[in-house]
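J.: As input, take run.txt (compact mmCIF, C-alpha atoms):
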# COMPACT_ATOMS: atom_id res chain seq x y z
CA MET A 713 12.21 -4.92 57.51
CA LEU A 714 9.52 -5.89 55.07
CA PRO A 715 10.68 -7.92 52.04
CA LYS A 716 10.75 -6.12 48.74
CA ARG A 717 7.83 -6.75 46.48
CA PRO A 718 8.74 -8.13 43.08
CA ALA A 719 8.39 -5.65 40.26
CA PRO A 720 5.07 -6.12 38.42
CA VAL A 721 5.42 -8.00 35.17
CA GLU A 722 4.24 -5.82 32.32
CA GLU A 723 1.78 -7.67 30.12
CA GLU A 724 2.80 -7.96 26.51
CA LYS A 725 0.46 -6.10 24.19
CA THR A 726 -1.32 -7.99 21.46
CA SER A 727 -2.56 -6.95 18.03
CA GLN A 728 -4.85 -8.94 15.73
CA ILE A 729 -3.91 -8.58 12.07
CA PHE A 730 -4.31 -9.94 8.57
CA ALA A 731 -0.97 -8.45 7.54
CA VAL A 732 1.69 -6.08 8.81
CA VAL A 733 4.92 -4.73 7.36
CA LEU A 734 7.67 -4.34 9.96
CA PRO A 735 11.20 -3.04 9.42
CA GLU A 736 12.68 -6.56 9.38
CA LEU A 737 9.62 -8.70 8.61
CA ILE A 738 6.61 -8.93 6.37
CA VAL A 739 3.76 -10.82 8.03
CA GLU A 740 0.75 -12.32 6.22
CA ALA A 741 -2.25 -14.36 7.34
CA VAL A 742 -2.41 -17.86 5.86
CA LEU A 743 -4.70 -20.81 6.50
CA ALA A 744 -3.69 -22.96 9.44
CA PRO A 745 -2.72 -26.50 8.39
CA ASN A 746 -5.68 -28.92 8.72
CA LEU A 747 -7.79 -26.29 10.49
CA PRO A 748 -10.39 -24.87 8.09
CA LYS A 749 -11.21 -21.20 8.55
CA LYS A 750 -8.51 -20.69 11.16
CA LEU A 751 -5.52 -18.52 10.35
CA HIS A 752 -1.85 -18.62 11.24
CA LEU A 753 0.79 -15.99 10.45
CA GLN A 754 3.59 -16.42 7.96
CA THR A 755 6.70 -14.22 8.16
CA TRP A 756 9.24 -13.33 5.50
CA ASP A 757 12.60 -11.87 6.55
CA GLY A 758 14.02 -11.48 3.07
CA ARG A 759 15.51 -14.97 2.96
CA LYS A 760 13.08 -17.50 4.36
CA ALA A 761 9.46 -17.93 5.40
CA ALA A 762 8.14 -19.31 8.68
CA THR A 763 4.57 -20.07 9.79
CA MET A 764 3.28 -20.02 13.37
CA PRO A 765 0.06 -19.34 15.31
CA SER A 766 1.36 -15.94 16.49
CA ILE A 767 4.59 -13.97 16.54
CA SER A 768 6.24 -11.62 19.03
CA HIS A 769 8.22 -8.65 17.81
CA CYS A 770 9.56 -5.65 19.72
CA GLY A 771 7.33 -6.23 22.75
CA LEU A 772 4.16 -6.77 20.72
CA THR A 773 2.45 -10.08 20.03
CA TYR A 774 0.73 -10.37 16.66
CA GLN A 775 -2.15 -12.77 16.29
CA PRO A 776 -4.24 -13.51 13.19
CA ARG A 777 -7.68 -11.97 13.16
CA PRO A 778 -10.42 -14.53 13.77
CA ILE A 779 -12.72 -15.34 10.85
CA ALA A 780 -15.90 -14.41 12.69
CA GLY A 781 -18.58 -14.79 10.04
CA GLY A 782 -20.32 -13.00 7.20
CA LEU A 783 -18.15 -12.22 4.19
CA ALA A 784 -15.03 -13.16 6.13
CA HIS A 785 -16.00 -16.82 5.55
CA ALA A 786 -15.98 -16.24 1.78
CA ILE A 787 -12.46 -14.77 1.62
CA ARG A 788 -9.97 -17.11 -0.04
CA PHE A 789 -6.78 -17.14 2.03
CA PRO A 790 -3.63 -18.92 0.80
CA LEU A 791 -2.26 -21.99 2.55
CA THR A 792 1.31 -20.68 2.43
CA SER A 793 3.72 -18.78 0.21
CA LYS A 794 6.26 -20.41 -2.07
CA THR A 795 8.96 -19.44 -4.54
CA PHE A 796 7.77 -18.04 -7.85
CA GLY A 797 11.03 -18.30 -9.81
CA SER A 798 11.04 -14.94 -11.58
CA ALA A 799 8.43 -12.30 -12.35
CA ALA A 800 8.57 -13.23 -16.04
CA LYS A 801 8.05 -16.91 -15.27
CA LEU A 802 5.17 -16.13 -12.91
CA THR A 803 3.32 -13.85 -15.32
CA ALA A 804 3.87 -16.31 -18.17
CA SER A 805 2.19 -19.06 -16.13
CA MET A 806 -0.70 -16.68 -15.33
CA ARG A 807 -1.10 -15.97 -19.04
CA GLU A 808 -1.04 -19.68 -19.85
CA PHE A 809 -3.70 -20.34 -17.20
CA LEU A 810 -6.00 -17.62 -18.57
CA SER A 811 -5.52 -18.83 -22.14
CA ARG A 812 -6.30 -22.41 -21.14
CA TYR A 813 -9.87 -21.52 -20.17
CA PHE A 814 -10.53 -18.30 -22.10
CA GLY A 815 -9.15 -17.26 -25.48
CA LEU A 816 -8.04 -13.70 -24.81
CA ALA A 817 -6.22 -11.20 -26.96
CA PRO A 818 -2.72 -10.51 -25.56
CA ASP A 819 -3.58 -7.00 -24.37
CA ALA A 820 -6.71 -8.28 -22.60
CA ALA A 821 -4.73 -11.02 -20.83
CA ASP A 822 -2.13 -8.40 -19.83
CA LEU A 823 -4.82 -6.27 -18.20
CA LEU A 824 -6.13 -9.22 -16.17
CA ILE A 825 -2.61 -10.16 -15.06
CA ALA A 826 -1.90 -6.57 -14.03
CA PHE A 827 -5.17 -6.42 -12.07
CA ALA A 828 -4.30 -9.61 -10.21
CA LEU A 829 -0.78 -8.37 -9.39
CA ALA A 830 -2.12 -5.00 -8.26
CA SER A 831 -4.56 -6.68 -5.85
CA TYR A 832 -1.55 -7.82 -3.76
CA PHE A 833 -0.31 -4.26 -3.19
CA VAL A 834 -3.45 -2.21 -2.50
CA ASP A 835 -2.01 -1.11 0.85
CA CYS A 836 0.86 0.63 -0.98
CA PHE A 837 -1.30 3.23 -2.78
CA PRO A 838 -4.12 5.68 -2.09
CA VAL A 839 -6.46 3.88 -4.50
CA ALA A 840 -7.11 0.27 -5.46
CA PRO A 841 -7.68 -0.93 -9.04
CA VAL A 842 -11.18 -1.29 -10.46
CA LEU A 843 -11.98 -3.44 -13.50
CA TYR A 844 -15.25 -3.56 -15.46
CA LEU A 845 -15.96 -6.66 -17.54
CA LEU A 846 -18.17 -5.81 -20.52
CA GLY A 847 -19.74 -8.64 -22.47
CA PRO A 848 -22.00 -11.70 -22.11
CA ASP A 849 -22.81 -12.94 -18.61
CA ASN A 850 -21.19 -16.35 -19.12
CA GLU A 851 -17.91 -14.84 -20.26
CA ALA A 852 -17.82 -12.30 -17.44
CA GLY A 853 -18.61 -14.98 -14.87
CA LEU A 854 -15.80 -17.22 -16.11
CA ILE A 855 -13.26 -14.38 -16.02
CA LEU A 856 -14.30 -13.59 -12.45
CA ARG A 857 -13.71 -17.24 -11.48
CA LEU A 858 -10.28 -17.16 -13.10
CA LEU A 859 -9.45 -13.94 -11.26
CA GLY A 860 -10.61 -15.60 -8.06
CA CYS A 861 -7.71 -18.05 -8.46
CA LEU A 862 -5.19 -15.26 -8.97
CA CYS A 863 -6.20 -12.28 -6.84
CA ARG A 864 -5.29 -11.63 -3.23
CA ARG A 865 -7.98 -12.64 -0.71
CA SER A 866 -10.59 -13.00 -3.43
CA VAL A 867 -14.33 -13.14 -2.78
CA LEU A 868 -16.68 -14.32 -5.55
CA LEU A 869 -20.08 -12.63 -5.20
CA GLY A 870 -23.30 -13.16 -7.10
CA ASP A 871 -24.89 -10.17 -5.34
CA ILE A 872 -24.21 -7.98 -2.33
CA ASP A 873 -25.96 -5.44 -0.15
CA ILE A 874 -24.84 -2.87 2.41
CA ALA A 875 -25.51 -5.19 5.36
CA ALA A 876 -23.22 -7.81 3.85
CA LEU A 877 -20.51 -5.22 3.22
CA GLY A 878 -20.68 -4.40 6.91
CA THR A 879 -19.45 -7.92 7.74
CA LEU A 880 -16.11 -7.45 5.97
CA PRO A 881 -13.39 -7.39 8.66
CA SER A 882 -11.27 -4.28 9.00
CA ASP A 883 -8.00 -4.38 7.08
CA ALA A 884 -9.08 -7.46 5.11
CA GLU A 885 -8.36 -5.65 1.82
CA ALA A 886 -10.31 -8.37 0.07
CA THR A 887 -10.63 -8.44 -3.72
CA LEU A 888 -14.36 -8.33 -4.49
CA LEU A 889 -15.30 -10.07 -7.75
CA ILE A 890 -18.95 -9.23 -8.37
CA ASN A 891 -21.02 -11.11 -10.94
CA GLN A 892 -24.12 -8.90 -10.76
CA ARG A 893 -24.98 -6.15 -13.23
CA ASN A 894 -27.95 -4.75 -11.34
CA LEU A 895 -26.44 -3.76 -8.03
CA ALA A 896 -28.43 -1.22 -6.06
CA PRO A 897 -27.13 2.29 -6.85
CA ARG A 898 -26.30 2.86 -3.17
CA VAL A 899 -24.21 -0.30 -3.06
CA THR A 900 -22.33 0.65 -6.25
CA ARG A 901 -21.68 4.13 -4.87
CA ILE A 902 -20.29 2.72 -1.62
CA LEU A 903 -18.12 0.16 -3.40
CA LEU A 904 -16.53 2.85 -5.57
CA ALA A 905 -16.25 5.36 -2.72
CA SER A 906 -14.42 2.73 -0.67
CA ASN A 907 -11.65 2.58 -3.23
CA ASN A 908 -9.78 5.44 -1.62
CA ARG A 909 -7.78 4.07 1.29
CA HIS A 910 -7.65 7.35 3.20
CA PHE A 911 -11.41 7.91 3.53
CA CYS A 912 -13.68 5.73 5.65
CA ILE A 913 -17.26 4.85 4.74
CA ALA A 914 -19.42 5.63 7.76
CA ARG A 915 -22.82 3.98 8.18
CA GLY A 916 -24.85 4.41 11.36
CA ASN A 917 -22.70 3.75 14.40
CA GLY A 918 -19.94 2.03 12.49
CA GLN A 919 -18.01 2.00 9.26
CA LEU A 920 -17.64 -0.27 6.26
CA ASN A 921 -14.27 -1.85 5.47
CA ALA A 922 -14.51 -2.49 1.73
CA TYR A 923 -11.16 -1.13 0.56
CA GLY A 924 -9.48 -3.42 -1.95
CA ALA A 925 -9.38 -4.28 -5.64
CA LYS A 926 -12.77 -4.79 -7.33
CA ALA A 927 -13.96 -6.32 -10.58
CA PHE A 928 -17.54 -6.03 -11.81
CA SER A 929 -19.59 -7.68 -14.50
CA ALA A 930 -21.05 -4.49 -15.95
CA ASP A 931 -23.04 -2.87 -18.72
CA PRO A 932 -21.25 -0.12 -20.68
CA GLU A 933 -23.54 2.69 -19.48
CA LEU A 934 -22.82 1.80 -15.84
CA ALA A 935 -19.05 1.39 -16.25
CA ASP A 936 -18.21 5.06 -16.07
CA GLY A 937 -15.64 7.01 -14.08
CA ILE A 938 -12.78 5.33 -12.26
CA GLY A 939 -11.53 1.95 -13.41
CA MET A 940 -10.49 0.12 -16.55
CA HIS A 941 -12.78 -1.60 -19.05
CA LEU A 942 -12.27 -5.01 -20.65
CA SER A 943 -14.56 -6.09 -23.49
CA LEU A 944 -15.29 -9.81 -23.75
CA SER A 945 -16.62 -11.61 -26.82
CA PRO A 946 -18.87 -14.70 -26.87
CA ALA A 947 -17.05 -17.99 -27.32
CA GLN A 948 -17.15 -19.40 -30.86
CA ASP A 949 -16.20 -22.91 -29.73
CA PRO A 950 -16.82 -24.81 -26.47
CA ARG A 951 -14.30 -23.97 -23.77
CA PRO A 952 -12.62 -26.46 -21.43
CA THR A 953 -14.51 -26.91 -18.18
CA MET A 954 -12.81 -25.75 -15.00
CA THR A 955 -14.00 -28.15 -12.30
CA ASP A 956 -14.16 -27.21 -8.63
CA ALA A 957 -11.11 -29.40 -8.03
CA ASP A 958 -9.22 -27.64 -10.84
CA GLU A 959 -10.16 -24.28 -9.38
CA GLU A 960 -8.88 -25.18 -5.93
CA THR A 961 -5.64 -26.60 -7.33
CA PHE A 962 -4.89 -23.53 -9.44
CA ALA A 963 -5.89 -21.14 -6.66
CA SER A 964 -3.65 -22.88 -4.13
CA ASP A 965 -0.67 -22.81 -6.49
CA PHE A 966 -1.02 -19.27 -7.82
CA GLN A 967 -1.91 -17.62 -4.54
CA ALA A 968 1.07 -19.19 -2.81
CA ARG A 969 3.44 -17.93 -5.50
CA LEU A 970 1.79 -14.52 -5.71
CA LEU A 971 1.91 -14.10 -1.94
CA ARG A 972 5.68 -14.67 -2.05
CA TYR A 973 5.83 -12.19 -4.97
CA ARG A 974 4.22 -9.62 -2.66
CA MET A 975 6.63 -10.39 0.17
CA VAL A 976 9.72 -10.18 -2.03
CA ASN A 977 8.70 -7.05 -3.92
CA TYR A 978 6.66 -5.13 -1.36
CA ARG A 979 9.12 -2.36 -0.54
CA GLY A 980 10.18 -1.92 -4.14
CA VAL A 981 6.56 -1.58 -5.28
CA ARG A 982 5.69 0.78 -2.43
CA ASP A 983 8.61 3.08 -3.25
CA ALA A 984 8.42 2.79 -7.05
CA GLN A 985 8.56 6.04 -9.01
CA ILE A 986 6.13 5.85 -11.93
CA ASP A 987 6.27 8.61 -14.54
CA SER A 988 2.62 9.66 -14.84
CA ARG A 989 3.11 13.06 -16.47
CA ASN A 990 1.44 11.94 -19.71
CA PHE A 991 -1.77 11.01 -17.90
CA VAL A 992 -4.59 13.31 -16.85
CA PRO A 993 -4.21 14.35 -13.19
CA ALA A 994 -7.33 12.43 -12.11
CA MET A 995 -5.69 9.15 -13.18
CA ARG A 996 -2.22 9.46 -11.68
CA ASP A 997 -2.87 7.54 -8.45
CA GLU A 998 -4.71 4.90 -10.47
CA VAL A 999 -1.77 4.62 -12.88
CA ARG A 1000 0.66 3.97 -10.02
CA ALA A 1001 -1.63 1.32 -8.53
CA TRP A 1002 -1.73 -0.55 -11.86
CA LEU A 1003 1.87 -0.17 -13.02
CA ALA A 1004 4.07 -0.23 -9.92
CA PRO A 1005 3.25 -3.87 -9.02
CA ILE A 1006 4.57 -5.06 -12.40
CA CYS A 1007 8.19 -5.91 -11.58
CA ASP A 1008 10.84 -6.91 -14.13
CA CYS A 1009 8.29 -7.39 -16.94
CA PRO A 1010 8.83 -4.39 -19.25
CA ASP A 1011 6.62 -5.73 -22.06
CA LEU A 1012 3.73 -6.30 -19.66
CA GLN A 1013 4.16 -2.86 -18.13
CA LYS A 1014 4.27 -1.28 -21.59
CA SER A 1015 1.07 -3.05 -22.65
CA VAL A 1016 -0.84 -2.00 -19.52
CA ALA A 1017 0.52 1.55 -19.71
CA SER A 1018 -0.79 1.75 -23.27
CA ALA A 1019 -4.29 0.74 -22.13
CA LEU A 1020 -4.15 3.30 -19.30
CA LEU A 1021 -2.95 5.98 -21.70
CA GLN A 1022 -5.88 5.28 -24.04
CA LYS A 1023 -8.26 5.81 -21.14
CA SER A 1024 -6.42 9.02 -20.24
CA ARG A 1025 -6.83 10.30 -23.80
CA ASN A 1026 -10.53 9.51 -23.69
CA LEU A 1027 -10.86 11.50 -20.47
CA GLU A 1028 -8.72 14.24 -21.93
CA GLY A 1029 -11.13 14.46 -24.85
CA ASN A 1030 -13.92 15.21 -22.38
CA ARG A 1031 -12.15 18.42 -21.36
CA VAL A 1032 -13.67 20.22 -24.36
CA SER A 1033 -16.98 20.31 -22.48
CA ASP A 1034 -15.85 20.19 -18.84
CA ASP A 1035 -16.95 23.42 -17.12
CA ARG A 1036 -13.68 24.05 -15.31
CA CYS A 1037 -11.57 23.37 -18.39
CA VAL A 1038 -13.70 25.57 -20.65
CA ILE A 1039 -13.51 28.44 -18.15
CA ILE A 1040 -9.72 28.14 -17.97
CA GLU A 1041 -9.58 28.00 -21.75
CA ALA A 1042 -11.55 31.27 -21.89
CA ALA A 1043 -9.23 32.84 -19.31
CA LEU A 1044 -6.26 31.81 -21.46
CA PHE A 1045 -7.88 33.50 -24.45
CA PHE A 1046 -7.88 36.83 -22.61
CA CYS A 1047 -4.30 36.27 -21.42
CA HIS A 1048 -3.27 35.93 -25.07
CA LYS A 1049 -5.39 38.85 -26.28
CA GLU A 1050 -3.16 41.86 -27.00
CA HIS A 1051 -3.35 44.92 -24.77
CA THR A 1052 -5.69 43.22 -22.29
CA GLU A 1053 -4.95 44.25 -18.71
CA HIS A 1054 -8.13 42.96 -17.09
CA VAL A 1055 -11.27 40.97 -17.85
CA PHE A 1056 -14.73 40.98 -16.29
CA VAL A 1057 -16.33 37.74 -15.19
CA GLY A 1058 -19.28 38.58 -17.43
CA GLU A 1059 -16.95 38.73 -20.44
CA LEU A 1060 -15.48 35.37 -19.46
CA ALA A 1061 -18.99 33.90 -19.17
CA GLU A 1062 -19.85 35.14 -22.70
CA CYS A 1063 -16.67 33.51 -24.04
CA VAL A 1064 -17.37 30.28 -22.16
CA ASN A 1065 -20.92 30.03 -23.47
CA ALA A 1066 -19.73 30.72 -27.03
CA LEU A 1067 -17.26 27.83 -26.68
CA LEU A 1068 -19.98 25.54 -25.33
CA LYS A 1069 -22.36 26.48 -28.15
CA GLY A 1070 -19.64 25.82 -30.73
CA ARG A 1071 -19.18 22.36 -29.20
CA HIS A 1072 -22.90 21.61 -29.42
CA GLU A 1073 -23.41 21.68 -25.66
CA ASP A 1074 -27.01 22.50 -24.85
CA ARG A 1075 -26.32 24.56 -21.72
CA THR A 1076 -24.94 27.87 -20.54
CA LEU A 1077 -23.06 28.99 -17.43
CA THR A 1078 -24.07 32.01 -15.39
CA ASP A 1079 -21.64 34.74 -14.41
CA LYS A 1080 -21.91 33.55 -10.81
CA LYS A 1081 -21.01 29.97 -11.73
CA VAL A 1082 -18.00 31.14 -13.74
CA GLY A 1083 -16.82 33.29 -10.85
CA LEU A 1084 -17.18 30.45 -8.35
CA LEU A 1085 -15.20 28.04 -10.53
CA LEU A 1086 -12.47 30.62 -11.08
CA ARG A 1087 -12.10 31.10 -7.33
CA ALA A 1088 -11.98 27.33 -6.89
CA VAL A 1089 -8.78 27.22 -8.99
CA GLY A 1090 -7.19 30.19 -7.25
CA ILE A 1091 -8.13 33.02 -9.65
CA HIS A 1092 -9.81 35.88 -7.81
CA GLY A 1093 -11.43 39.14 -8.88
CA GLU A 1094 -12.58 42.29 -7.18
CA ARG A 1095 -15.95 43.98 -7.09
CA VAL A 1096 -16.16 47.24 -9.09
CA VAL A 1097 -19.08 49.26 -10.41
CA LYS A 1098 -19.34 47.22 -13.63
CA GLY A 1099 -19.11 43.85 -11.89
CA TYR A 1100 -16.31 41.46 -10.87
CA ARG A 1101 -13.03 42.32 -12.55
CA ILE A 1102 -9.94 40.15 -12.74
CA GLU A 1103 -6.70 42.08 -13.09
CA LEU A 1104 -4.39 40.18 -15.45
CA THR A 1105 -1.26 40.85 -13.44
CA GLU A 1106 1.82 38.74 -13.93
CA PRO A 1107 1.02 36.45 -10.93
CA VAL A 1108 -2.57 35.99 -12.15
CA ARG A 1109 -1.39 35.12 -15.66
CA GLN A 1110 1.06 32.63 -14.20
CA GLN A 1111 -1.71 31.00 -12.14
CA ILE A 1112 -4.00 30.74 -15.18
CA HIS A 1113 -1.22 29.06 -17.15
CA ARG A 1114 -0.36 26.70 -14.28
CA VAL A 1115 -3.97 25.60 -13.92
CA ALA A 1116 -4.35 25.26 -17.69
CA ARG A 1117 -1.29 23.02 -17.87
CA ALA A 1118 -2.45 20.95 -14.88
CA TYR A 1119 -5.87 20.35 -16.45
CA HIS A 1120 -4.45 19.72 -19.95
CA VAL A 1121 -6.55 22.56 -21.35
CA LEU A 1122 -6.50 22.73 -25.16
CA SER A 1123 -4.69 26.03 -25.51
CA ALA A 1124 -1.98 24.94 -23.07
CA GLN A 1125 -0.93 21.77 -24.88
CA ASP A 1126 2.60 21.31 -26.10
CA GLY A 1127 3.20 22.89 -29.45
CA VAL A 1128 0.37 25.42 -29.06
CA ALA A 1129 2.32 28.12 -27.21
CA SER A 1130 0.81 31.57 -27.64
CA CYS A 1131 2.98 33.52 -25.21
CA SER A 1132 6.22 33.14 -23.30
CA GLN A 1133 4.38 31.81 -20.23
CA CYS A 1134 2.86 28.93 -22.22
CA SER A 1135 6.31 27.39 -22.47
CA ASN A 1136 7.77 28.68 -19.19
CA VAL A 1137 5.00 27.64 -16.81
CA GLU A 1138 6.21 25.09 -14.21
Written as structure tokens, how would this file's structure read?
T.:
Amino acid sequence: MLPKRPAPVEEEKTSQIFAVVLPELIVEAVLAPNLPKKLHLQTWDGRKAATMPSISHCGLTYQPRPIAGGLAHAIRFPLTSKTFGSAAKLTASMREFLSRYFGLAPDAADLLIAFALASYFVDCFPVAPVLYLLGPDNEAGLILRLLGCLCRRSVLLGDIDIAALGTLPSDAEATLLINQRNLAPRVTRILLASNNRHFCIARGNGQLNAYGAKAFSADPELADGIGMHLSLSPAQDPRPTMTDADEETFASDFQARLLRYRMVNYRGVRDAQIDSRNFVPAMRDEVRAWLAPICDCPDLQKSVASALLQKSRNLEGNRVSDDRCVIIEAALFFCHKEHTEHVFVGELAECVNALLKGRHEDRTLTDKKVGLLLRAVGIHGERVVKGYRIELTEPVRQQIHRVARAYHVLSAQDGVASCSQCSNVE
């Protein structure tokens, strides 16, 4: 009888990571002791931290990603994590650090602290925070250096192109701090497009991995769309000099404490319920990304929420000339017009163009454009001899009111109810 062959030993699978959140562990890449540009993995089990070259968990071996080259070499990784005391104590020390080198108004310091905290939780939300620094070059450059000490996996950049972006490792979630106001339009477009975690940026045969928090030195006319603005004033008196040694000391201390802050608060931040009903719909993911990482600091959260709300109101003010909002406003007008059972798209277009003219907008919308935008929000008509007609049935009226409320259209604001559906719409 032939001897039995030993059962084949199944090889353990490996995965290279910068971070992973497991049911019992949070794992983060940190610098290996005395080995520059080589990473180890640090684990946090809710009570203690441990650092090792690799870890095995549930049949899978996790290894740190190698720092191969390109922008990976510029990423600032922490040496370890360490206790931060309390959230209030941590944020107070961040405020003291910022004030030491840059005299900031309290609300401006709060915004920088919130940006730094948010950079540690970008994997919890669909979007990452964006911050535009408006003001003199010297001031913007100094703020970017200070943020480089505070933010997760920070990279200080004087300029960047698409080829360089292609060298960012996947899942690095680096915080890009860019001290260049004249970026190529294509680069700016890619950087902003990469701020949605669920959509990849494809270029040629590969993709760019630029998701993460971003801060730009920017001119006001270029700082439009997503992101928060911070205005900086020139210094009236000489500021203390932050030496390279100071920078490394502060970075090592803050990033170790902030990494532990991430480990301790990760699940709470990820699952946080932020009331964003007072913000325009386009900002709600952004609001969560800024506010949820602020733990146990109600004054800080209130200050940052106030800044976000001001931006929301500015965007809300733009609705008076936004095509979709003006069309919905016109549709609401006909809903509220007595004895009106239907409306033609041509009539809606006349109403829309009258509204635009009254708001000093030098443009008009065609009937076709109005019809297309109506269909885009779920309001459909039918072709008859006189054109496209929209029957104002009860379901159609309800849809118009729902869309009006969702887009914060003028006639659907609280306190401006013109019919029972204005107050009853869900």
J.: Stretch 991-1006 of chain A: which residues within 6 Å, counting only C-alpha atoms, same-chain residues fewer than 5 positions away excluded, as a ChimeraX atom specification?
T.: /A:830,981,1024
J.: Extract, using all atoms listed in the file, all DNA, RNA and protein residues at most 7 Å from A:Pro838, discarding same-chain residues fewer than 6 positions from it, and format them as a PyMOL selection string.
T.: chain A and resi 908-910+997
J.: Please check which residues have atoms at most 7 Å from (-11.8, -5.2, -9.0) in the file's coordinates, counting all atoms listed in the file, and write them as an MDAnalysis selection string.
T.: chainID A and resid 841:843 887:889 925:928
J.: Under the rule that all atoms listed in the file are counted, which of A:Ala905, A:Cys1007, A:Cys863, A:Ala1066 is the nearest residue to A:Arg979?
T.: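 For A:Arg979, the nearest of the candidates is A:Cys1007.
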J.: Go through A:Leu791, A:Ala957, A:Ala1043, A:Val732 and flag the residue nearest A:Pro748, using all atoms listed in the file for the distances.
T.: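 Of A:Leu791, A:Ala957, A:Ala1043, A:Val732, the one nearest A:Pro748, counting all atoms listed in the file, is A:Leu791.
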J.: Atom CA of A:Asp849 to atom CA of A:Asn891: how many Å, to one decimal?
T.: 8.1 Å
J.: If we count all atoms listed in the file, what is near A:Val739 at a cut-off of 8 Å, once residues fewer than 3 positions away on the same chain are taken out, given as a PyMOL selection string?
T.: chain A and resi 731-734+753-756
J.: Using the file's own x, y and z axes, what box holds all listed atoms of stretch 976-986 of chain A with 3 Å on each side, keeping edges along x, y and z, and what are its centre and edge lengths in Å to one decimal, as JSON?
T.:
{"center_x": 7.9, "center_y": -2.1, "center_z": -6.2, "size_x": 10.5, "size_y": 22.2, "size_z": 17.4}
J.: Measure the distance from atom CA of A:Ile890 to atom CA of A:Tyr978 in Å and round it to one decimal.
T.: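 Separation of atom CA of A:Ile890 and atom CA of A:Tyr978: 26.9 Å.
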J.: In the coordinates of the file, take the point (7.0, -7.8, 22.1) and a cut-off of 10 Å; then, counting only C-alpha atoms, name each qualifying protein, DNA or RNA residue as a PyMOL selection string.
T.: chain A and resi 723-726+767-774
J.: Between A:Arg865, A:His1072, A:His1113, A:Arg1036, which residue has the minimum interatomic distance to A:Leu1085, considering all atoms listed in the file?
T.: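 Closest candidate: A:Arg1036.
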J.: Show which residues sit within 9 Å of stretch 896-901 of chain A, as a list in words. Count only C-alpha atoms, and ignore same-chain residues fewer than 6 positions away.
T.: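 Listed by chain and then number, they are Ile872, Asp873, Ile874 and Leu877 of chain A.
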J.: Counting all atoms listed in the file, what is within 9 Å of stretch 1045-1061 of chain A, bar same-chain residues fewer than 3 positions away, as a count of residues only?
T.: 30
J.: Considering only C-alpha atoms, can you say which of A:Asp949, A:Glu1106, A:Glu1028, A:Asp965 comes closest to A:Thr795?
T.: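 Selected residue with least distance to A:Thr795: A:Asp965.
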J.: Between atom CA of A:Asp983 and atom CA of A:Leu743, what is the distance in Å, rounded to a tenth?
T.: 29.0 Å
J.: Take stretch 740-748 of chain A, model N, CA, C and O atoms, and hand the result over as an mmCIF file, in the frame of the given file.
T.:
data_model
loop_
_atom_site.group_PDB
_atom_site.id
_atom_site.type_symbol
_atom_site.label_atom_id
_atom_site.label_comp_id
_atom_site.auth_asym_id
_atom_site.auth_seq_id
_atom_site.Cartn_x
_atom_site.Cartn_y
_atom_site.Cartn_z
ATOM 1 N N GLU A 740 1.993 -12.106 6.963
ATOM 2 C CA GLU A 740 0.750 -12.320 6.220
ATOM 3 C C GLU A 740 -0.050 -13.449 6.855
ATOM 4 O O GLU A 740 0.513 -14.451 7.303
ATOM 5 N N ALA A 741 -1.374 -13.301 6.861
ATOM 6 C CA ALA A 741 -2.250 -14.360 7.340
ATOM 7 C C ALA A 741 -2.368 -15.454 6.289
ATOM 8 O O ALA A 741 -2.567 -15.178 5.110
ATOM 9 N N VAL A 742 -2.230 -16.691 6.726
ATOM 10 C CA VAL A 742 -2.410 -17.860 5.860
ATOM 11 C C VAL A 742 -3.290 -18.856 6.605
ATOM 12 O O VAL A 742 -3.448 -18.788 7.831
ATOM 13 N N LEU A 743 -3.868 -19.799 5.865
ATOM 14 C CA LEU A 743 -4.700 -20.810 6.500
ATOM 15 C C LEU A 743 -3.860 -21.729 7.372
ATOM 16 O O LEU A 743 -2.769 -22.162 6.994
ATOM 17 N N ALA A 744 -4.379 -22.029 8.546
ATOM 18 C CA ALA A 744 -3.690 -22.960 9.440
ATOM 19 C C ALA A 744 -3.775 -24.370 8.862
ATOM 20 O O ALA A 744 -4.824 -24.770 8.347
ATOM 21 N N PRO A 745 -2.695 -25.134 8.929
ATOM 22 C CA PRO A 745 -2.720 -26.500 8.390
ATOM 23 C C PRO A 745 -3.800 -27.351 9.074
ATOM 24 O O PRO A 745 -3.879 -27.409 10.303
ATOM 25 N N ASN A 746 -4.646 -27.981 8.246
ATOM 26 C CA ASN A 746 -5.680 -28.920 8.720
ATOM 27 C C ASN A 746 -6.697 -28.290 9.655
ATOM 28 O O ASN A 746 -7.398 -28.996 10.387
ATOM 29 N N LEU A 747 -6.792 -26.972 9.659
ATOM 30 C CA LEU A 747 -7.790 -26.290 10.490
ATOM 31 C C LEU A 747 -8.559 -25.306 9.610
ATOM 32 O O LEU A 747 -8.141 -24.160 9.440
ATOM 33 N N PRO A 748 -9.650 -25.748 9.009
ATOM 34 C CA PRO A 748 -10.390 -24.870 8.090
ATOM 35 C C PRO A 748 -10.895 -23.614 8.788
ATOM 36 O O PRO A 748 -11.361 -23.658 9.929
#
